[in-house]
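Okay, structure first, notes after.
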Amino acid sequence: MTTTFITGANKSLGYETARRLITAGHTVLIGARDPQRGQAAAEALGARFVQIDVTDDASVQAAADDVAAHEGTVDVLVNNAGVPGPYVPADELTGADAAAVFDVNVFGIVRVTHAFLPLLRKSSNPVVVNVSSGLGSFAATHDPDRVEGTFTAPLYTSSKAAVTMLTTQYAKALPDVKFNAVDPGYTATDFNGHGGPQTVTEGTDAIVELASIGTDGPTGVFRDRHGVVAW
């Protein structure tokens, strides 16, 4: 049985990823900051809820300790928790705004990965999937024929570029664990007022694929549901 921990799993992409992986036979742990929403999501899916605030070292370590005490190991870690940042003009963005976005989207991945690595290393096939974005791709955001080229969001885009680089560096530095990054694509979620053209099921295709790789699966790749994403 594959044990999978997903951050930000109480709604949207995280919730749908959990649902699909449970259907595929994974034992899924619903990680979420809000206890009520997290518990409700877990009960709806038939999963176990583990409270985690990815911006808080103590909360992250407590979550890892909880999993160590109950499941004893993690086979797949999906770092999904993320925030879009403030919807304000670029000239109104502050250092505090940047710190808040990076604290969740980037530093949160470092915190969770650090705390969960001992559990992952107990697995015979440890896998980490980091949810990045095509909005962090230089190629995509400079292509006028792609939707990513129509957006301007300095903090979110730069944080997701950092996520992809962080992923490839972890893959090189820690060859005993597979690390891959995913671009869900322009999906209808809370981030965009449910205005994206993809369903959450389509948006989780690449996440589910990379969360399901075997021992011969890739590491250090950046993919969407159609294949490799240029960076």
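By convention here, the chains of the structure tokens are called A, B, ... in the order presented, each chain's residues are numbered starting at 1, and ligands are numbered starting at 1 in the order presented.
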
Mind running segment 78-170 of chain A against segment 9-33 of chain A at 12 Å and telling me each contacting residue's nearest atom pair with the distance in Å (one decimal), counting only C-alpha atoms, chain and number ascending, as CSV?
residue,atom,partner,partner_atom,distance
A:Val78,CA,A:Gly14,CA,8.5
A:Asn79,CA,A:Gly14,CA,9.1
A:Asn80,CA,A:Gly14,CA,6.2
A:Ala81,CA,A:Ala9,CA,7.6
A:Gly82,CA,A:Gly14,CA,10.2
A:Val104,CA,A:Arg33,CA,11.5
A:Val112,CA,A:Gly31,CA,10.9
A:Val129,CA,A:Thr17,CA,11.4
A:Asn130,CA,A:Gly14,CA,11.6
A:Val131,CA,A:Leu13,CA,9.5

- Query: What's the 12 Å shell around Ser133 of chain A, counting only C-alpha atoms, without same-chain residues fewer than 3 positions away, as a PyMOL selection string?
  - Reply: chain A and resi 80+82+84+105+130+136-138+140-141+148+156-165+181-187+203+206-207+222-225+229-231

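Comparing the minimum interatomic distances between Phe49 of chain A and each of A:Ala100, A:Val88, A:Val67, A:Leu155, counting only C-alpha atoms, we find that A:Val67 sits nearest.
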
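Distance check against Lys172 of chain A using only C-alpha atoms: of A:Gly108, A:Gly149, A:Gly220, A:Gly134, the minimum falls on A:Gly220.
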
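Distance check against Leu210 of chain A using only C-alpha atoms: of A:Val101, A:Val106, A:Leu174, A:Val128, the minimum falls on A:Val128.
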
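For Gly217 of chain A, the residues within 12 Å (counting only C-alpha atoms, excluding itself and residues fewer than 5 positions away along the chain) are Asn125, Pro126, Val127, Val128, Val177, Lys178, Phe179, Asn180, Glu209, Leu210, Ala211 and Ser212 of chain A.
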
- Message: Which residue is closest to Pro175 of chain A? Choose from A:Gln51, A:Thr73, A:Thr219, A:Gln61 and count only C-alpha atoms.
- Response: A:Thr219

- Query: Using the chain letters and numbers from this document, which residues of segment 102-142 of chain A does DSSP assign to helix (DSSP H, G or I), as a VMD selection string?
  - Reply: chain A and resid 102 to 105 107 to 120 134 to 136 138 to 141

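Computed from the coordinates, the atom CA of Gln36 of chain A to atom CA of His70 of chain A distance equals 20.6 Å.
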
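Atom CA of Leu120 of chain A is found 17.4 Å from atom CA of Gln169 of chain A.
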
- What does the distance from atom CA of Ala96 of chain A to atom CA of Ser132 of chain A come to in Å, to one decimal? 21.7 Å
